[in-house]
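*Asks:* Contents of upload-v7.tsv (TSV, C-alpha atoms and all ligand atoms) are below:
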chain	number	residue	atom	x	y	z
A	5	MET	CA	2.53	-26.62	3.58
A	6	THR	CA	1.50	-27.73	0.10
A	7	ALA	CA	3.71	-27.99	-2.96
A	8	THR	CA	1.83	-25.02	-4.43
A	9	THR	CA	2.46	-22.85	-1.39
A	10	ASP	CA	6.08	-23.88	-1.41
A	11	THR	CA	6.41	-22.85	-5.04
A	12	ILE	CA	4.54	-19.56	-4.87
A	13	LEU	CA	5.75	-18.12	-1.58
A	14	SER	CA	9.44	-17.30	-1.62
A	15	ALA	CA	11.72	-18.67	1.07
A	16	HIS	CA	12.11	-15.13	2.36
A	17	ALA	CA	8.34	-14.59	2.51
A	18	ARG	CA	7.92	-17.83	4.44
A	19	GLU	CA	10.67	-16.78	6.84
A	20	GLU	CA	8.99	-13.44	7.38
A	21	VAL	CA	5.61	-15.03	7.98
A	22	ASP	CA	7.15	-17.61	10.32
A	23	ARG	CA	8.68	-14.76	12.32
A	24	TRP	CA	5.20	-13.30	12.80
A	25	LEU	CA	3.65	-16.70	13.49
A	26	ALA	CA	6.05	-17.16	16.39
A	27	ARG	CA	4.21	-14.33	18.17
A	28	TYR	CA	0.83	-16.05	18.09
A	29	PRO	CA	-0.65	-19.25	19.49
A	30	ASP	CA	-0.53	-22.22	17.08
A	31	ASP	CA	-4.30	-22.12	16.59
A	32	GLN	CA	-4.29	-18.39	15.70
A	33	LYS	CA	-2.25	-18.46	12.51
A	34	GLN	CA	-4.66	-16.08	10.81
A	35	SER	CA	-3.28	-13.33	13.04
A	36	ALA	CA	-0.34	-13.11	10.66
A	37	VAL	CA	-2.46	-12.46	7.58
A	38	LEU	CA	-1.75	-8.72	7.33
A	39	ALA	CA	1.98	-9.23	7.69
A	40	ALA	CA	1.92	-12.08	5.18
A	41	LEU	CA	-0.01	-10.12	2.57
A	42	ARG	CA	2.21	-7.08	3.08
A	43	GLU	CA	5.32	-9.17	2.51
A	44	VAL	CA	4.12	-11.00	-0.59
A	45	GLN	CA	2.76	-7.77	-2.06
A	46	HIS	CA	6.12	-6.12	-1.53
A	47	GLU	CA	7.95	-9.03	-3.17
A	48	ASN	CA	5.51	-9.00	-6.08
A	49	GLY	CA	6.20	-5.40	-7.07
A	50	GLY	CA	3.37	-3.80	-5.13
A	51	TYR	CA	0.25	-5.84	-5.81
A	52	LEU	CA	-1.40	-9.13	-4.92
A	53	THR	CA	-2.55	-11.87	-7.26
A	54	THR	CA	-5.09	-14.61	-6.63
A	55	PRO	CA	-2.39	-17.33	-6.58
A	56	LEU	CA	-0.44	-15.33	-3.98
A	57	MET	CA	-3.51	-14.83	-1.81
A	58	ASP	CA	-4.37	-18.52	-2.16
A	59	ALA	CA	-0.83	-19.44	-1.11
A	60	VAL	CA	-1.08	-17.18	1.94
A	61	ALA	CA	-4.41	-18.79	2.82
A	62	ALA	CA	-2.92	-22.27	2.57
A	63	TYR	CA	0.13	-21.30	4.58
A	64	LEU	CA	-1.97	-19.77	7.36
A	65	GLU	CA	-4.61	-22.52	7.11
A	66	MET	CA	-7.33	-19.99	6.40
A	67	PRO	CA	-10.25	-20.11	3.94
A	68	THR	CA	-9.25	-18.30	0.74
A	69	ILE	CA	-12.32	-16.09	0.97
A	70	ALA	CA	-11.13	-14.75	4.33
A	71	VAL	CA	-7.82	-13.71	2.77
A	72	TYR	CA	-9.61	-12.09	-0.19
A	73	GLU	CA	-11.78	-10.17	2.26
A	74	VAL	CA	-8.76	-8.81	4.11
A	75	ALA	CA	-6.93	-7.94	0.89
A	76	SER	CA	-9.92	-6.11	-0.56
A	77	PHE	CA	-10.82	-4.31	2.69
A	78	TYR	CA	-7.55	-2.63	3.56
A	79	SER	CA	-6.45	0.22	1.30
A	80	MET	CA	-2.78	-0.73	1.68
A	81	PHE	CA	-3.32	-3.74	-0.57
A	82	GLU	CA	-3.51	-3.55	-4.35
A	83	LEU	CA	-5.16	-6.19	-6.46
A	84	GLU	CA	-3.74	-5.09	-9.81
A	85	PRO	CA	-0.41	-3.68	-11.01
A	86	VAL	CA	0.26	-0.08	-9.98
A	87	GLY	CA	3.14	2.39	-10.19
A	88	ARG	CA	6.21	1.90	-8.01
A	89	HIS	CA	5.52	4.89	-5.76
A	90	SER	CA	2.13	5.40	-4.20
A	91	VAL	CA	0.95	9.01	-3.76
A	92	SER	CA	-2.15	9.92	-1.76
A	93	VAL	CA	-3.24	13.50	-1.15
A	94	CYS	CA	-5.37	14.31	1.87
A	95	THR	CA	-8.37	16.39	0.85
A	96	ASN	CA	-10.32	16.36	4.09
A	97	VAL	CA	-11.38	19.59	5.71
A	98	SER	CA	-8.16	20.87	7.30
A	99	CYS	CA	-6.15	20.15	4.18
A	100	MET	CA	-8.93	21.45	1.93
A	101	LEU	CA	-8.98	24.76	3.83
A	102	ARG	CA	-5.23	25.01	3.28
A	103	GLY	CA	-5.32	24.37	-0.46
A	104	SER	CA	-5.31	20.61	-1.00
A	105	ASP	CA	-7.62	20.90	-4.01
A	106	ASP	CA	-5.01	23.03	-5.75
A	107	ILE	CA	-2.25	20.62	-4.73
A	108	LEU	CA	-4.17	17.66	-6.12
A	109	ALA	CA	-5.00	19.55	-9.34
A	110	HIS	CA	-1.32	20.40	-9.68
A	111	ILE	CA	-0.34	16.74	-9.36
A	112	VAL	CA	-3.02	15.57	-11.79
A	113	ASN	CA	-1.89	18.18	-14.29
A	114	LYS	CA	1.80	17.46	-13.77
A	115	LEU	CA	1.49	13.69	-14.12
A	116	GLY	CA	-1.26	13.67	-16.74
A	117	ILE	CA	-3.25	11.02	-14.89
A	118	GLU	CA	-6.37	10.94	-12.74
A	119	VAL	CA	-6.67	9.72	-9.16
A	120	GLY	CA	-6.59	5.93	-9.21
A	121	GLN	CA	-4.22	5.75	-12.19
A	122	SER	CA	-0.48	5.17	-12.63
A	123	THR	CA	1.91	7.01	-14.92
A	124	PRO	CA	2.66	5.10	-18.14
A	125	ASP	CA	6.30	4.69	-17.10
A	126	GLY	CA	5.17	2.83	-13.97
A	127	ARG	CA	6.86	5.36	-11.71
A	128	ILE	CA	3.96	6.90	-9.80
A	129	TYR	CA	0.56	5.65	-8.69
A	130	LEU	CA	-1.79	8.49	-7.75
A	131	LYS	CA	-3.66	6.24	-5.41
A	132	ARG	CA	-6.48	8.14	-3.76
A	133	GLU	CA	-7.75	11.20	-1.93
A	134	GLU	CA	-7.28	10.48	1.74
A	135	GLU	CA	-9.80	11.19	4.49
A	136	CYS	CA	-7.43	12.74	7.03
A	137	LEU	CA	-4.09	11.12	7.79
A	138	ALA	CA	-3.92	12.72	11.25
A	139	ALA	CA	-1.39	15.34	10.19
A	140	CYS	CA	-3.80	18.28	10.06
A	141	CYS	CA	-1.29	20.64	11.69
A	142	GLY	CA	0.88	20.17	8.58
A	143	ALA	CA	-1.94	20.74	6.08
A	144	PRO	CA	-1.94	20.46	3.18
A	145	MET	CA	-0.20	17.13	3.16
A	146	MET	CA	0.28	13.94	1.16
A	147	GLN	CA	1.65	10.49	1.75
A	148	VAL	CA	4.26	9.08	-0.63
A	149	ASP	CA	4.86	5.40	0.01
A	150	HIS	CA	5.29	5.36	3.81
A	151	VAL	CA	6.38	8.98	4.26
A	152	TYR	CA	4.27	12.03	5.11
A	153	TYR	CA	5.03	15.36	3.39
A	154	GLU	CA	3.44	18.42	4.96
A	155	ASP	CA	2.97	22.15	4.33
A	156	LEU	CA	2.90	21.43	0.62
A	157	THR	CA	3.23	23.99	-2.13
A	158	PRO	CA	3.28	23.21	-5.86
A	159	ALA	CA	7.04	23.80	-5.90
A	160	ARG	CA	7.55	21.40	-3.00
A	161	VAL	CA	5.35	18.81	-4.70
A	162	ASP	CA	7.44	19.09	-7.84
A	163	GLU	CA	10.59	18.57	-5.83
A	164	ILE	CA	9.19	15.48	-4.10
A	165	LEU	CA	7.69	13.85	-7.20
A	166	ASP	CA	10.68	14.62	-9.41
A	167	GLY	CA	12.88	12.90	-6.83
A	168	LEU	CA	11.05	9.58	-7.15
A	169	GLU	CA	12.87	7.01	-9.27
B	1	LIG	S1	-7.41	16.80	7.14
B	1	LIG	FE1	-5.58	16.34	6.08
B	1	LIG	S2	-4.37	15.38	7.61
B	1	LIG	FE2	-6.21	15.82	8.62
Transcribe the structure of this file into structure tokens.
Ligand code: FES
*Replies:*
Amino acid sequence: MTATTDTILSAHAREEVDRWLARYPDDQKQSAVLAALREVQHENGGYLTTPLMDAVAAYLEMPTIAVYEVASFYSMFELEPVGRHSVSVCTNVSCMLRGSDDILAHIVNKLGIEVGQSTPDGRIYLKREEECLAACCGAPMMQVDHVYYEDLTPARVDEILDGLE
């Protein structure tokens, strides 16, 4: 571990990563990269910075470019500040046939932001239109943070979004 890594990664983040590292062979430290990025993103208020990714790379003895590739590939990682709660509406075919376009339009209108933007108060990030979250039987649906909400109506959407702090 370098002094930089020690400074940038919190003690808790290092503990978390160490817990994951214990599951893998010593020469396979990169296996913990997803868990490490998830933890440091969480601690950093929901997004990754270059210094954080560099610190993860150093800690896992990986090339920095490999960590950047992982962080930019997976949609669960953010590379710039976003709202506290992430909202994604599925607009693939099953949800579309059950009114997801209207649900999304309702959210856009309600929040006054477009997909990919956050509300000015930093409360909600309308992250993206999803390509099927495997909950077609509950269409139309959306994901808020790590929770699925199904059989949506505009009234139900209002209830869910208004309940986010
Ligand atoms: S199409 Fe929306 S969950 Fe499958």
*Asks:* With all atoms listed in the file as the atoms that count, which of A:Ala36, A:Val86, A:Leu137, A:Val112 lies nearest to ligand LIG 1 (chain B)?
*Replies:*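 Between A:Ala36, A:Val86, A:Leu137, A:Val112, the residue approaching ligand LIG 1 (chain B) most closely is A:Leu137.
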*Asks:* Let me have all residues with an atom within 7 Å of ligand LIG 1 (chain B), counting only C-alpha atoms and all ligand atoms, laid out as a list in words.
*Replies:*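 These are the residues that qualify: Cys94, Thr95, Asn96, Val97, Ser98, Cys99, Glu135, Cys136, Leu137, Ala138, Ala139, Cys140, Ala143, Pro144 and Met145 of chain A.
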*Asks:* For a quick check of understanding, using all atoms listed in the file, which of A:Gln32, A:Gln147, A:Ser104, A:Thr53 has the smallest distance to Pro85 in chain A?
*Replies:*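 Closest to Pro85 in chain A, using all atoms listed in the file: A:Thr53.
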*Asks:* Ranking A:Leu108, A:Val93, A:Leu25, A:Leu56 by minimum distance to Glu154 in chain A and counting only C-alpha atoms, which one comes first?
*Replies:*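 The answer is A:Val93, which sits nearest to Glu154 in chain A.
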*Asks:* Please provide as a PyMOL selection string all residues within 12 Å of Tyr78 in chain A, with the sequence filter that same-chain residues fewer than 4 positions apart are discarded (counting all atoms listed in the file).
*Replies:* chain A and resi 37-38+41-42+71-74+82-83
*Asks:* So, with all atoms listed in the file as the atoms that count, which of A:Leu13, A:Leu101, A:Ala26, A:Ala39 lies closest to Tyr63 in chain A?
*Replies:*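 Ranked by minimum distance to Tyr63 in chain A, first place goes to A:Leu13.
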*Asks:* Report, in Å with one decimal, the straight-line distance from CA of Leu168 in chain A to CA of Gly116 in chain A.
*Replies:*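 Interatomic distance, CA of Leu168 in chain A to CA of Gly116 in chain A: 16.1 Å.
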*Asks:* Looking at all atoms listed in the file, which of A:Lys114, A:Arg132, A:Arg127, A:Arg27 is the one that sits closest to Met146 in chain A?
*Replies:*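 Smallest distance to Met146 in chain A is found for A:Arg132.
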*Asks:* Quick one: distance from CA of Glu47 in chain A to CA of Glu118 in chain A in Å, one decimal?
*Replies:*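 We find that CA of Glu47 in chain A and CA of Glu118 in chain A lie 26.4 Å from each other.
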*Asks:* Distance CA of His110 in chain A-CA of Ser90 in chain A, one decimal place?
*Replies:*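 According to the coordinates, CA of His110 in chain A and CA of Ser90 in chain A are separated by 16.3 Å.
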*Asks:* So, with all atoms listed in the file as the atoms that count, which of A:Pro67, A:Gly87, A:Pro29, A:Pro55 lies closest to Ile128 in chain A?
*Replies:* A:Gly87
*Asks:* Using all atoms listed in the file, which residues sit within 8 Å of Ile107 in chain A once same-chain residues fewer than 5 positions away are excluded, as a PyMOL selection string?
*Replies:* chain A and resi 144+156-158+161
*Asks:* Give me, as a PDB file with C-alpha atoms, in the frame of the given file, all polymer residues having an atom no more than 7 Å from Leu64 in chain A, counting all atoms listed in the file and skipping those fewer than 2 positions away in the same chain.
*Replies:*
ATOM      1  CA  LYS A  33      -2.250 -18.460  12.510  1.00  0.00           C
ATOM      2  CA  GLN A  34      -4.660 -16.080  10.810  1.00  0.00           C
ATOM      3  CA  VAL A  60      -1.080 -17.180   1.940  1.00  0.00           C
ATOM      4  CA  ALA A  61      -4.410 -18.790   2.820  1.00  0.00           C
ATOM      5  CA  ALA A  62      -2.920 -22.270   2.570  1.00  0.00           C
ATOM      6  CA  MET A  66      -7.330 -19.990   6.400  1.00  0.00           C
TER       7      MET A  66
END
*Asks:* For range 8-27 of chain A, what centre and edge lengths in Å (one decimal) does the axis-aligned box get once 5 Å is added on each side of all its listed atoms, as lines of an AutoDock Vina configuration file?
*Replies:*
center_x = 7.0
center_y = -19.2
center_z = 6.6
size_x = 20.3
size_y = 21.7
size_z = 33.2
